[in-house]
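See below for the structure under consideration.
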Amino acid sequence: TKTSMQENSVHPVQKKFYIETYGCQMNFADSEIVNAILLEKGMNQVTEAELADIILVNTCSIRENAETKVWNRLKEFRGLKAQNKSLTVGVLGCMAERIKDQIIEEEQLVDIVVGPDAYRDIPRLIEEVEDGRKAVNVLLSLEETYADIAPVRTTGNGVSAFVSIMRGCDNMCSFCVVPFTRGRERSRPLESILNEIRQLSDQGYKEVTLLGQNVNSYKDGNHTFSTLMDKASLLDPEMRFRFSSPHPKDFPDELLYLIAERPNLCNYIHIPAQAGSDSMLERMRRPYTRDQYLQLIEKMKGIIPGLSLSTDIIAGFCGETEEEHQQTLSLMREVEYDLAYMFAYSERERTLAYRKFEDDVPEEVKKRRLSEIISQQMSIQHRRNHDEIGQRHVVLVEGTSKRSEQQLSGRTDTNKIAVFDRKEFEKGDYVEVEITGATSATLIAKPIAKTSLGAYYSAVLEA
Ligand code: SAH
Ligand code: SF4
Ligand code: F3S
């Protein structure tokens, strides 16, 4: 119950904000930073656009269709603006950098444009709009990591959380817009990352995914990504750790040994290949050859038993020949990924490919190659998942299964989704299960008993 004192101390017009997020996990993590900044200012968060005074859209530029989705959504919000003249609409994230002029010119669409390094400025920008102006800050920074801001996780499952460890990217892969939308690479101080993980552990979180565009170039003084993983895994032995994404060019061996040794470092690595031929990798400015990539995969599989792997693949990049496409398919057969994110190439302004190469693979050829890549991958996944039948895994329960109230859903250490009967188990439990069935996307399991990471692994070691 509120006292009148408290009523008085509340901001006269307590604004309600709504935030919608597109794109990668880093964008989702950024929205949690924005939550923190706005809640700090006394604003209230709402979960429906219709209820908000301020609608923020955290956007992605990675492919044309990511941007199209956002444009369409902004047009829907224009409808809301017509009904509510005081509604403010803001564009955050990766599109901000690219489309600020367009957005400002288009009346009645967007009032605020904020780039990924300017989120601290949002409260000021909102005030500026109250004076009837449009407000823009798309400055990129060499230092900003939001290290001191504790993200407010309002949309997660309370079990697994994302933690940003670095921002930006210096790799300049020729197809990729990220270095232009997010600026230079910089690492967040080690202590601030460890503090955040400690807090998550205290709040009952059981899984943390460390995020960056190129996590293996993490650096804070003498601390490397391996040091960070080492220290993180020791903070809470019952908390699982994952990371995304490492770059194949300088993956540290010591990290592989660490993953093999520590029960709470997951046996799952997302290691984007993009393509399977030397010629294509060179045009993409990916600084490794097919052989080097395959050697790395072999080493990973050798050091980490039961390792599961995933990748990103682009079909139909500039100049791609049928032979190069076949080499991508054969690389994927050779590695046998457990999961793959597969895309048709989408030309992005400002990139090297945009400036130097021609986007010359016809749309229908791109589509056909992509669907060959996808269907081959589905059959590999189907087979690999079927091979799991009879095996045991430890699943961290994330919540109720989408299919049935009677079932729980969670992930294996190897990042596969497993569903099983609810019984006495709860969200946040580690449950040992036996796999009884599989599709290309999901494992069906039979629960055996609640366990802990320590208990499970010492039992496995004794057997
Ligand atoms: N930093 C991450 C990738 C982030 S973008 C990494 O290097 O692993 C995620 C994926 O989107 C990329 O790996 C790539 O496969 C895909 N992608 C990037 N630019 C693209 C483009 N112009 N067209 C199609 N897919 C693209
Ligand atoms: Fe883009 Fe390459 Fe950087 Fe990944 S590593 S974000 S693909 S430039
Ligand atoms: Fe998209 Fe930006 Fe992430 S372009 S993929 S939201 S870094």
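Ligands are numbered from 1 in the order shown, chains are lettered A, B, ... in the order of the structure tokens, and residues start at 1 in each chain.
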
Where does chain A meet ligand 2 within 12 Å, residue by residue, with the nearest atom pair and distance in Å to one decimal for each, counting only C-alpha atoms and all ligand atoms, listed by chain and rising number, as a tab-separated table?
```
residue	atom	partner	partner_atom_place_in_ligand_line	distance
A:Cys24	CA	ligand 2	6 (S)	10.5
A:Met26	CA	ligand 2	6 (S)	10.9
A:Ser61	CA	ligand 2	1 (Fe)	11.2
A:Ile62	CA	ligand 2	1 (Fe)	8.6
A:Arg63	CA	ligand 2	1 (Fe)	11.5
A:Cys94	CA	ligand 2	6 (S)	11.8
A:Met166	CA	ligand 2	6 (S)	11.8
A:Arg167	CA	ligand 2	6 (S)	10.0
A:Gly168	CA	ligand 2	6 (S)	7.7
A:Cys169	CA	ligand 2	3 (Fe)	4.8
A:Asp170	CA	ligand 2	3 (Fe)	6.3
A:Asn171	CA	ligand 2	8 (S)	4.7
A:Met172	CA	ligand 2	8 (S)	4.2
A:Cys173	CA	ligand 2	8 (S)	4.2
A:Ser174	CA	ligand 2	8 (S)	7.2
A:Phe175	CA	ligand 2	7 (S)	7.4
A:Cys176	CA	ligand 2	1 (Fe)	4.5
A:Val177	CA	ligand 2	1 (Fe)	6.4
A:Val178	CA	ligand 2	6 (S)	5.1
A:Pro179	CA	ligand 2	8 (S)	5.7
A:Phe180	CA	ligand 2	8 (S)	8.9
A:Thr181	CA	ligand 2	6 (S)	9.9
A:Arg182	CA	ligand 2	6 (S)	9.0
A:Gly183	CA	ligand 2	3 (Fe)	10.1
A:Arg184	CA	ligand 2	3 (Fe)	9.9
A:Glu185	CA	ligand 2	3 (Fe)	9.1
A:Leu211	CA	ligand 2	6 (S)	11.6
A:Gly212	CA	ligand 2	6 (S)	8.6
A:Gln213	CA	ligand 2	6 (S)	4.9
A:Asn214	CA	ligand 2	5 (S)	5.8
A:Val215	CA	ligand 2	5 (S)	9.5
A:Asn216	CA	ligand 2	5 (S)	10.6
A:Ser217	CA	ligand 2	5 (S)	10.4
A:Ser244	CA	ligand 2	4 (Fe)	10.4
A:Ser245	CA	ligand 2	4 (Fe)	7.9
A:Pro246	CA	ligand 2	5 (S)	8.4
A:His247	CA	ligand 2	5 (S)	6.6
A:Pro248	CA	ligand 2	5 (S)	9.5
A:Lys249	CA	ligand 2	5 (S)	9.9
A:Asp250	CA	ligand 2	5 (S)	11.8
A:Ile271	CA	ligand 2	4 (Fe)	10.6
A:Pro272	CA	ligand 2	7 (S)	8.4
A:Ala273	CA	ligand 2	7 (S)	9.8
A:Gln274	CA	ligand 2	7 (S)	8.4
A:Ala275	CA	ligand 2	7 (S)	11.8
A:Leu281	CA	ligand 2	2 (Fe)	11.4
A:Met284	CA	ligand 2	2 (Fe)	8.8
A:Arg285	CA	ligand 2	2 (Fe)	8.4
A:Arg286	CA	ligand 2	2 (Fe)	7.5
A:Pro287	CA	ligand 2	2 (Fe)	10.2
A:Thr311	CA	ligand 2	7 (S)	11.6
A:Asp312	CA	ligand 2	7 (S)	9.1
A:Ile313	CA	ligand 2	7 (S)	10.4
A:Ile314	CA	ligand 2	7 (S)	10.3
A:Arg348	CA	ligand 2	1 (Fe)	11.4
A:Thr351	CA	ligand 2	8 (S)	9.3
A:Leu352	CA	ligand 2	8 (S)	10.5
A:Ala353	CA	ligand 2	8 (S)	11.7
```

Please return as a short mmCIF file (atom, residue, chain, number, x, y, z; two decimals) with N, CA and C atoms, in the first residue's frame: the residues of stretch 170-418 of chain A that backbone DSSP assigns to helix (DSSP H, G or I).
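As written to disk, states_24.cif reads:
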```
data_model
loop_
_atom_site.label_atom_id
_atom_site.label_comp_id
_atom_site.auth_asym_id
_atom_site.auth_seq_id
_atom_site.Cartn_x
_atom_site.Cartn_y
_atom_site.Cartn_z
N VAL A 178 28.03 -5.43 -39.35
CA VAL A 178 28.17 -5.21 -37.90
C VAL A 178 29.28 -4.21 -37.52
N PRO A 179 30.48 -4.30 -38.14
CA PRO A 179 31.51 -3.33 -37.76
C PRO A 179 31.07 -1.88 -38.00
N PHE A 180 30.13 -1.68 -38.93
CA PHE A 180 29.66 -0.32 -39.22
C PHE A 180 28.53 0.10 -38.29
N THR A 181 27.73 -0.86 -37.85
CA THR A 181 26.62 -0.48 -36.99
C THR A 181 27.02 -0.44 -35.52
N ARG A 182 28.02 -1.23 -35.16
CA ARG A 182 28.37 -1.34 -33.74
C ARG A 182 29.76 -0.83 -33.40
N LEU A 190 37.00 -7.29 -16.73
CA LEU A 190 36.77 -8.63 -16.18
C LEU A 190 35.96 -8.60 -14.89
N GLU A 191 36.37 -7.71 -13.97
CA GLU A 191 35.69 -7.68 -12.66
C GLU A 191 34.20 -7.40 -12.79
N SER A 192 33.84 -6.51 -13.70
CA SER A 192 32.42 -6.17 -13.82
C SER A 192 31.63 -7.35 -14.38
N ILE A 193 32.27 -8.15 -15.23
CA ILE A 193 31.59 -9.35 -15.75
C ILE A 193 31.40 -10.35 -14.63
N LEU A 194 32.47 -10.58 -13.86
CA LEU A 194 32.38 -11.55 -12.76
C LEU A 194 31.36 -11.11 -11.72
N ASN A 195 31.29 -9.80 -11.46
CA ASN A 195 30.28 -9.30 -10.52
C ASN A 195 28.88 -9.58 -11.00
N GLU A 196 28.66 -9.36 -12.27
CA GLU A 196 27.32 -9.61 -12.81
C GLU A 196 26.96 -11.10 -12.68
N ILE A 197 27.94 -11.95 -12.96
CA ILE A 197 27.69 -13.39 -12.86
C ILE A 197 27.37 -13.78 -11.41
N ARG A 198 28.13 -13.19 -10.48
CA ARG A 198 27.87 -13.45 -9.06
C ARG A 198 26.44 -13.07 -8.68
N GLN A 199 26.02 -11.90 -9.16
CA GLN A 199 24.64 -11.47 -8.87
C GLN A 199 23.62 -12.43 -9.46
N LEU A 200 23.88 -12.87 -10.68
CA LEU A 200 22.94 -13.80 -11.33
C LEU A 200 22.86 -15.09 -10.53
N SER A 201 24.00 -15.55 -10.07
CA SER A 201 24.03 -16.76 -9.26
C SER A 201 23.22 -16.56 -7.98
N ASP A 202 23.38 -15.40 -7.33
CA ASP A 202 22.61 -15.10 -6.12
C ASP A 202 21.11 -15.05 -6.41
N VAL A 215 34.30 -13.56 -29.33
CA VAL A 215 34.66 -13.64 -27.91
C VAL A 215 36.11 -14.04 -27.68
N ASN A 216 36.71 -14.79 -28.61
CA ASN A 216 38.09 -15.18 -28.32
C ASN A 216 39.10 -14.06 -28.50
N SER A 217 38.66 -12.88 -28.89
CA SER A 217 39.61 -11.78 -28.84
C SER A 217 39.38 -10.91 -27.60
N PHE A 225 40.11 -14.49 -22.96
CA PHE A 225 38.82 -15.17 -22.86
C PHE A 225 38.92 -16.45 -22.05
N SER A 226 40.05 -17.14 -22.18
CA SER A 226 40.23 -18.37 -21.40
C SER A 226 40.28 -18.06 -19.90
N THR A 227 40.99 -16.99 -19.53
CA THR A 227 41.02 -16.60 -18.11
C THR A 227 39.61 -16.31 -17.62
N LEU A 228 38.87 -15.59 -18.43
CA LEU A 228 37.51 -15.23 -18.04
C LEU A 228 36.66 -16.49 -17.82
N MET A 229 36.73 -17.45 -18.75
CA MET A 229 35.95 -18.68 -18.62
C MET A 229 36.38 -19.45 -17.38
N ASP A 230 37.67 -19.48 -17.14
CA ASP A 230 38.23 -20.16 -15.98
C ASP A 230 37.63 -19.57 -14.71
N LYS A 231 37.76 -18.25 -14.57
CA LYS A 231 37.28 -17.59 -13.34
C LYS A 231 35.77 -17.69 -13.20
N ALA A 232 35.07 -17.54 -14.32
CA ALA A 232 33.60 -17.61 -14.26
C ALA A 232 33.17 -18.99 -13.78
N SER A 233 33.79 -20.02 -14.32
CA SER A 233 33.32 -21.38 -14.00
C SER A 233 33.57 -21.72 -12.53
N LEU A 234 34.53 -21.05 -11.90
CA LEU A 234 34.82 -21.33 -10.50
C LEU A 234 33.91 -20.57 -9.55
N LEU A 235 33.22 -19.53 -10.06
CA LEU A 235 32.36 -18.72 -9.19
C LEU A 235 31.21 -19.53 -8.63
N PRO A 248 36.89 -18.73 -35.80
CA PRO A 248 37.79 -19.87 -36.04
C PRO A 248 39.26 -19.46 -36.17
N LYS A 249 39.52 -18.17 -36.37
CA LYS A 249 40.91 -17.82 -36.72
C LYS A 249 41.89 -17.99 -35.56
N ASP A 250 41.48 -17.74 -34.32
CA ASP A 250 42.44 -17.88 -33.23
C ASP A 250 41.79 -18.48 -32.00
N ASP A 253 43.65 -23.23 -27.65
CA ASP A 253 43.67 -24.63 -27.21
C ASP A 253 43.35 -24.77 -25.73
N GLU A 254 43.90 -23.83 -24.93
CA GLU A 254 43.71 -23.95 -23.48
C GLU A 254 42.24 -23.93 -23.11
N LEU A 255 41.45 -23.22 -23.90
CA LEU A 255 40.00 -23.17 -23.63
C LEU A 255 39.37 -24.54 -23.88
N LEU A 256 39.85 -25.24 -24.91
CA LEU A 256 39.31 -26.58 -25.19
C LEU A 256 39.58 -27.52 -24.02
N TYR A 257 40.80 -27.46 -23.48
CA TYR A 257 41.12 -28.32 -22.33
C TYR A 257 40.28 -27.95 -21.11
N LEU A 258 40.07 -26.65 -20.95
CA LEU A 258 39.27 -26.18 -19.82
C LEU A 258 37.82 -26.69 -19.93
N ILE A 259 37.27 -26.61 -21.14
CA ILE A 259 35.89 -27.09 -21.36
C ILE A 259 35.81 -28.59 -21.06
N ALA A 260 36.83 -29.30 -21.50
CA ALA A 260 36.83 -30.76 -21.30
C ALA A 260 36.87 -31.10 -19.80
N GLU A 261 37.56 -30.26 -19.04
CA GLU A 261 37.83 -30.56 -17.64
C GLU A 261 36.69 -30.13 -16.71
N ASP A 278 38.23 -22.45 -50.09
CA ASP A 278 39.26 -21.43 -49.82
C ASP A 278 38.97 -20.15 -50.59
N SER A 279 38.54 -20.29 -51.84
CA SER A 279 38.32 -19.10 -52.66
C SER A 279 37.21 -18.23 -52.07
N MET A 280 36.15 -18.89 -51.62
CA MET A 280 35.04 -18.13 -51.03
C MET A 280 35.43 -17.51 -49.71
N LEU A 281 36.14 -18.28 -48.87
CA LEU A 281 36.57 -17.75 -47.57
C LEU A 281 37.45 -16.52 -47.78
N GLU A 282 38.25 -16.56 -48.83
CA GLU A 282 39.11 -15.42 -49.10
C GLU A 282 38.29 -14.20 -49.50
N ARG A 283 37.32 -14.40 -50.41
CA ARG A 283 36.47 -13.27 -50.80
C ARG A 283 35.68 -12.73 -49.60
N ARG A 290 39.81 -23.84 -45.63
CA ARG A 290 38.96 -24.99 -45.31
C ARG A 290 39.71 -25.99 -44.44
N ASP A 291 40.98 -26.28 -44.84
CA ASP A 291 41.77 -27.24 -44.09
C ASP A 291 42.01 -26.81 -42.65
N GLN A 292 42.38 -25.55 -42.49
CA GLN A 292 42.62 -25.05 -41.13
C GLN A 292 41.36 -25.17 -40.29
N TYR A 293 40.23 -24.84 -40.90
CA TYR A 293 38.96 -24.93 -40.17
C TYR A 293 38.70 -26.38 -39.76
N LEU A 294 38.88 -27.31 -40.73
CA LEU A 294 38.61 -28.71 -40.43
C LEU A 294 39.58 -29.27 -39.39
N GLN A 295 40.82 -28.79 -39.43
CA GLN A 295 41.79 -29.22 -38.41
C GLN A 295 41.35 -28.76 -37.02
N LEU A 296 40.86 -27.51 -36.97
CA LEU A 296 40.38 -26.99 -35.69
C LEU A 296 39.22 -27.86 -35.17
N ILE A 297 38.29 -28.20 -36.07
CA ILE A 297 37.14 -29.02 -35.66
C ILE A 297 37.61 -30.38 -35.14
N GLU A 298 38.58 -30.96 -35.85
CA GLU A 298 39.09 -32.26 -35.43
C GLU A 298 39.71 -32.18 -34.03
N LYS A 299 40.49 -31.10 -33.84
CA LYS A 299 41.11 -30.90 -32.53
C LYS A 299 40.04 -30.77 -31.44
N MET A 300 39.02 -29.96 -31.73
CA MET A 300 37.93 -29.77 -30.76
C MET A 300 37.29 -31.10 -30.39
N LYS A 301 36.97 -31.88 -31.41
CA LYS A 301 36.31 -33.16 -31.15
C LYS A 301 37.23 -34.11 -30.40
N GLY A 302 38.53 -34.03 -30.67
CA GLY A 302 39.50 -34.89 -30.01
C GLY A 302 39.63 -34.56 -28.53
N ILE A 303 39.61 -33.27 -28.22
CA ILE A 303 39.85 -32.86 -26.82
C ILE A 303 38.57 -32.96 -25.98
N GLU A 322 28.97 -23.02 -58.64
CA GLU A 322 28.33 -24.27 -58.23
C GLU A 322 29.34 -25.13 -57.45
N GLU A 323 30.60 -25.12 -57.92
CA GLU A 323 31.66 -25.88 -57.26
C GLU A 323 31.87 -25.39 -55.81
N GLU A 324 31.89 -24.07 -55.65
CA GLU A 324 32.06 -23.52 -54.29
C GLU A 324 30.88 -23.91 -53.40
N HIS A 325 29.70 -23.86 -53.98
CA HIS A 325 28.51 -24.28 -53.22
C HIS A 325 28.64 -25.74 -52.79
N GLN A 326 29.11 -26.59 -53.73
CA GLN A 326 29.29 -28.01 -53.39
C GLN A 326 30.28 -28.18 -52.24
N GLN A 327 31.30 -27.32 -52.23
CA GLN A 327 32.30 -27.43 -51.16
C GLN A 327 31.72 -27.04 -49.80
N THR A 328 30.79 -26.08 -49.81
CA THR A 328 30.10 -25.74 -48.56
C THR A 328 29.31 -26.96 -48.07
N LEU A 329 28.57 -27.58 -49.01
CA LEU A 329 27.81 -28.79 -48.63
C LEU A 329 28.73 -29.88 -48.09
N SER A 330 29.88 -30.07 -48.74
CA SER A 330 30.75 -31.16 -48.30
C SER A 330 31.41 -30.84 -46.96
N LEU A 331 31.73 -29.57 -46.73
CA LEU A 331 32.25 -29.20 -45.40
C LEU A 331 31.23 -29.55 -44.32
N MET A 332 29.98 -29.23 -44.59
CA MET A 332 28.94 -29.49 -43.58
C MET A 332 28.74 -30.99 -43.34
N ARG A 333 28.93 -31.79 -44.41
CA ARG A 333 28.84 -33.25 -44.22
C ARG A 333 30.03 -33.75 -43.40
N GLU A 334 31.19 -33.15 -43.67
CA GLU A 334 32.38 -33.61 -42.98
C GLU A 334 32.32 -33.31 -41.48
N VAL A 335 31.86 -32.09 -41.13
CA VAL A 335 31.82 -31.71 -39.72
C VAL A 335 30.66 -32.39 -39.00
N LEU A 352 32.65 -4.18 -47.57
CA LEU A 352 33.64 -4.34 -48.64
C LEU A 352 33.01 -5.03 -49.85
N ALA A 353 32.18 -6.01 -49.59
CA ALA A 353 31.54 -6.73 -50.70
C ALA A 353 30.67 -5.78 -51.53
N TYR A 354 30.01 -4.86 -50.86
CA TYR A 354 29.17 -3.88 -51.55
C TYR A 354 30.01 -2.98 -52.45
N ARG A 355 31.17 -2.63 -51.94
CA ARG A 355 32.02 -1.71 -52.70
C ARG A 355 32.80 -2.42 -53.80
N LYS A 356 33.21 -3.67 -53.55
CA LYS A 356 34.15 -4.32 -54.47
C LYS A 356 33.58 -5.40 -55.36
N GLU A 363 18.69 -14.52 -57.57
CA GLU A 363 17.87 -14.82 -56.39
C GLU A 363 17.41 -16.28 -56.34
N GLU A 364 16.96 -16.80 -57.50
CA GLU A 364 16.44 -18.18 -57.46
C GLU A 364 17.57 -19.20 -57.25
N VAL A 365 18.79 -18.86 -57.70
CA VAL A 365 19.92 -19.75 -57.45
C VAL A 365 20.29 -19.73 -55.97
N LYS A 366 20.32 -18.52 -55.40
CA LYS A 366 20.57 -18.42 -53.95
C LYS A 366 19.58 -19.26 -53.18
N LYS A 367 18.31 -19.11 -53.53
CA LYS A 367 17.25 -19.83 -52.81
C LYS A 367 17.42 -21.33 -52.93
N ARG A 368 17.75 -21.78 -54.15
CA ARG A 368 17.91 -23.22 -54.38
C ARG A 368 19.09 -23.75 -53.58
N ARG A 369 20.21 -23.00 -53.63
CA ARG A 369 21.39 -23.46 -52.87
C ARG A 369 21.10 -23.47 -51.37
N LEU A 370 20.44 -22.42 -50.90
CA LEU A 370 20.12 -22.38 -49.48
C LEU A 370 19.24 -23.57 -49.10
N SER A 371 18.26 -23.90 -49.96
CA SER A 371 17.38 -25.00 -49.56
C SER A 371 18.12 -26.33 -49.63
N GLU A 372 19.09 -26.47 -50.53
CA GLU A 372 19.92 -27.69 -50.51
C GLU A 372 20.72 -27.79 -49.22
N ILE A 373 21.26 -26.65 -48.81
CA ILE A 373 22.04 -26.62 -47.57
C ILE A 373 21.16 -26.97 -46.37
N ILE A 374 19.97 -26.39 -46.34
CA ILE A 374 19.07 -26.63 -45.21
C ILE A 374 18.61 -28.10 -45.19
N SER A 375 18.25 -28.64 -46.36
CA SER A 375 17.70 -30.00 -46.29
C SER A 375 18.79 -31.02 -45.96
N GLN A 376 20.00 -30.78 -46.45
CA GLN A 376 21.08 -31.67 -46.04
C GLN A 376 21.30 -31.59 -44.51
N GLN A 377 21.30 -30.37 -44.00
CA GLN A 377 21.53 -30.18 -42.56
C GLN A 377 20.42 -30.85 -41.74
N MET A 378 19.17 -30.74 -42.21
CA MET A 378 18.06 -31.36 -41.47
C MET A 378 18.25 -32.87 -41.39
N SER A 379 18.73 -33.47 -42.48
CA SER A 379 18.88 -34.92 -42.41
C SER A 379 20.07 -35.31 -41.53
N ILE A 380 21.11 -34.50 -41.54
CA ILE A 380 22.24 -34.76 -40.61
C ILE A 380 21.75 -34.66 -39.16
N GLN A 381 21.00 -33.61 -38.86
CA GLN A 381 20.50 -33.42 -37.49
C GLN A 381 19.58 -34.55 -37.07
N HIS A 382 18.73 -34.95 -38.01
CA HIS A 382 17.79 -36.02 -37.72
C HIS A 382 18.56 -37.27 -37.32
N ARG A 383 19.58 -37.60 -38.13
CA ARG A 383 20.36 -38.79 -37.84
C ARG A 383 21.11 -38.66 -36.52
N ARG A 384 21.75 -37.50 -36.34
CA ARG A 384 22.54 -37.32 -35.11
C ARG A 384 21.65 -37.37 -33.86
N ASN A 385 20.48 -36.77 -33.96
CA ASN A 385 19.58 -36.81 -32.81
C ASN A 385 19.07 -38.22 -32.54
N HIS A 386 18.81 -38.98 -33.62
CA HIS A 386 18.38 -40.37 -33.43
C HIS A 386 19.47 -41.22 -32.78
#
```

From A:Thr88, A:Arg153, A:Ile55, A:Pro116, residue lying nearest ligand 3 [only C-alpha atoms and all ligand atoms]: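 Under the stated criterion, the closest residue is A:Pro116.
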
From the list A:Thr412, A:Thr47, A:Thr145, A:Asn58, the nearest residue to ligand 3 using only C-alpha atoms and all ligand atoms is A:Asn58

| task | List every residue of stretch 3-211 of chain A that DSSP, applied to the backbone of this structure, assigns to strand (DSSP E or B), and report them as an NGL selection string. | result | :A and (16-21 or 44-45 or 54-59 or 88-93 or 112-114 or 135-137 or 160-164 or 166-167 or 186-187 or 207-211)

Would you put the residues from that selection into a file with N, CA and C atoms, as a short mmCIF file (atom, residue, chain, number, x, y, z; two decimals), in the first residue's frame?
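Result file is result_21.cif:
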```cif
data_model
loop_
_atom_site.label_atom_id
_atom_site.label_comp_id
_atom_site.auth_asym_id
_atom_site.auth_seq_id
_atom_site.Cartn_x
_atom_site.Cartn_y
_atom_site.Cartn_z
N LYS A 16 5.27 5.40 -19.32
CA LYS A 16 5.33 3.95 -19.53
C LYS A 16 6.06 3.65 -20.84
N PHE A 17 7.05 2.78 -20.73
CA PHE A 17 7.76 2.43 -21.97
C PHE A 17 7.57 0.96 -22.31
N TYR A 18 7.64 0.72 -23.62
CA TYR A 18 7.52 -0.64 -24.15
C TYR A 18 8.70 -0.84 -25.08
N ILE A 19 9.36 -1.99 -24.98
CA ILE A 19 10.52 -2.21 -25.85
C ILE A 19 10.39 -3.54 -26.58
N GLU A 20 10.67 -3.50 -27.86
CA GLU A 20 10.56 -4.69 -28.70
C GLU A 20 11.93 -4.91 -29.35
N THR A 21 12.41 -6.16 -29.34
CA THR A 21 13.79 -6.40 -29.74
C THR A 21 13.90 -7.36 -30.92
N ASN A 44 7.99 3.32 -16.00
CA ASN A 44 7.43 1.98 -15.82
C ASN A 44 7.49 1.22 -17.12
N GLN A 45 7.77 -0.07 -17.03
CA GLN A 45 7.80 -0.89 -18.24
C GLN A 45 6.46 -1.57 -18.43
N ILE A 54 5.91 5.52 -24.60
CA ILE A 54 7.13 5.49 -25.40
C ILE A 54 7.34 4.07 -25.92
N ILE A 55 7.40 3.93 -27.23
CA ILE A 55 7.66 2.62 -27.83
C ILE A 55 9.08 2.64 -28.38
N LEU A 56 9.88 1.66 -27.96
CA LEU A 56 11.25 1.59 -28.47
C LEU A 56 11.41 0.28 -29.24
N VAL A 57 12.03 0.38 -30.41
CA VAL A 57 12.28 -0.82 -31.21
C VAL A 57 13.78 -0.98 -31.35
N ASN A 58 14.30 -2.06 -30.79
CA ASN A 58 15.75 -2.33 -30.88
C ASN A 58 15.99 -3.18 -32.13
N THR A 59 16.68 -2.59 -33.10
CA THR A 59 16.64 -3.11 -34.47
C THR A 59 17.92 -3.82 -34.91
N THR A 88 5.50 8.56 -28.25
CA THR A 88 6.85 8.71 -28.79
C THR A 88 7.34 7.36 -29.29
N VAL A 89 7.90 7.33 -30.50
CA VAL A 89 8.45 6.09 -31.04
C VAL A 89 9.94 6.26 -31.28
N GLY A 90 10.73 5.32 -30.77
CA GLY A 90 12.18 5.42 -30.93
C GLY A 90 12.77 4.18 -31.60
N VAL A 91 13.78 4.42 -32.42
CA VAL A 91 14.51 3.31 -33.03
C VAL A 91 15.87 3.21 -32.37
N LEU A 92 16.16 2.04 -31.81
CA LEU A 92 17.47 1.79 -31.19
C LEU A 92 18.22 0.78 -32.04
N GLY A 93 19.49 0.61 -31.73
CA GLY A 93 20.23 -0.53 -32.27
C GLY A 93 20.85 -0.31 -33.63
N ILE A 112 12.71 9.38 -32.13
CA ILE A 112 14.04 9.26 -31.52
C ILE A 112 14.84 8.19 -32.26
N VAL A 113 16.13 8.46 -32.48
CA VAL A 113 17.02 7.48 -33.08
C VAL A 113 18.26 7.37 -32.20
N VAL A 114 18.54 6.17 -31.70
CA VAL A 114 19.66 6.00 -30.77
C VAL A 114 20.53 4.82 -31.18
N ALA A 135 14.93 13.69 -31.95
CA ALA A 135 16.16 13.58 -31.18
C ALA A 135 16.99 12.41 -31.66
N VAL A 136 18.26 12.70 -31.92
CA VAL A 136 19.14 11.68 -32.51
C VAL A 136 20.47 11.63 -31.79
N ASN A 137 20.93 10.44 -31.46
CA ASN A 137 22.32 10.26 -31.05
C ASN A 137 22.80 8.90 -31.56
N SER A 160 18.15 -18.86 -17.35
CA SER A 160 19.35 -18.66 -18.17
C SER A 160 19.43 -17.22 -18.65
N ALA A 161 20.63 -16.65 -18.57
CA ALA A 161 20.82 -15.23 -18.84
C ALA A 161 21.98 -15.00 -19.81
N PHE A 162 21.93 -13.89 -20.51
CA PHE A 162 23.02 -13.48 -21.39
C PHE A 162 23.81 -12.37 -20.74
N VAL A 163 25.13 -12.45 -20.86
CA VAL A 163 26.00 -11.41 -20.31
C VAL A 163 26.95 -10.94 -21.41
N SER A 164 26.88 -9.66 -21.73
CA SER A 164 27.80 -9.11 -22.75
C SER A 164 29.18 -8.96 -22.17
N MET A 166 31.85 -8.03 -24.44
CA MET A 166 32.54 -7.07 -25.31
C MET A 166 31.54 -6.47 -26.28
N ARG A 167 31.95 -5.41 -26.96
CA ARG A 167 31.07 -4.77 -27.94
C ARG A 167 31.85 -4.50 -29.22
N ARG A 186 35.70 -3.56 -28.32
CA ARG A 186 36.21 -3.22 -26.98
C ARG A 186 35.69 -4.23 -25.97
N SER A 187 36.52 -4.53 -24.97
CA SER A 187 36.16 -5.53 -23.97
C SER A 187 35.71 -4.87 -22.69
N GLU A 207 22.33 -20.64 -15.66
CA GLU A 207 23.08 -20.74 -16.91
C GLU A 207 23.38 -19.34 -17.44
N VAL A 208 24.62 -19.12 -17.85
CA VAL A 208 25.02 -17.83 -18.40
C VAL A 208 25.68 -18.05 -19.76
N THR A 209 25.25 -17.27 -20.74
CA THR A 209 25.92 -17.29 -22.04
C THR A 209 26.68 -15.97 -22.20
N LEU A 210 27.98 -16.08 -22.35
CA LEU A 210 28.82 -14.90 -22.52
C LEU A 210 28.79 -14.48 -23.98
N LEU A 211 28.56 -13.19 -24.21
CA LEU A 211 28.29 -12.72 -25.57
C LEU A 211 29.31 -11.72 -26.09
#
```

Point to revise | Distance query A:Tyr345 at most 6 Å, only C-alpha atoms, self and fewer than 3 positions along chain excluded, as a list in words | key: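 Listed by chain and then number, they are Ile314, Ala315, Gly316 and Phe317 of chain A.
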
task = Using only C-alpha atoms and all ligand atoms, find the one residue out of A:Tyr341, A:Phe425, A:Phe243, A:Tyr146 that sits nearest to ligand 1.
result =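 The answer is A:Tyr341, which sits nearest to ligand 1.
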
Using only C-alpha atoms, which residues sit within 6 Å of stretch 418-420 of chain A once same-chain residues fewer than 2 positions away are excluded, as a ChimeraX atom specification?
-> /A:407-411,442-446
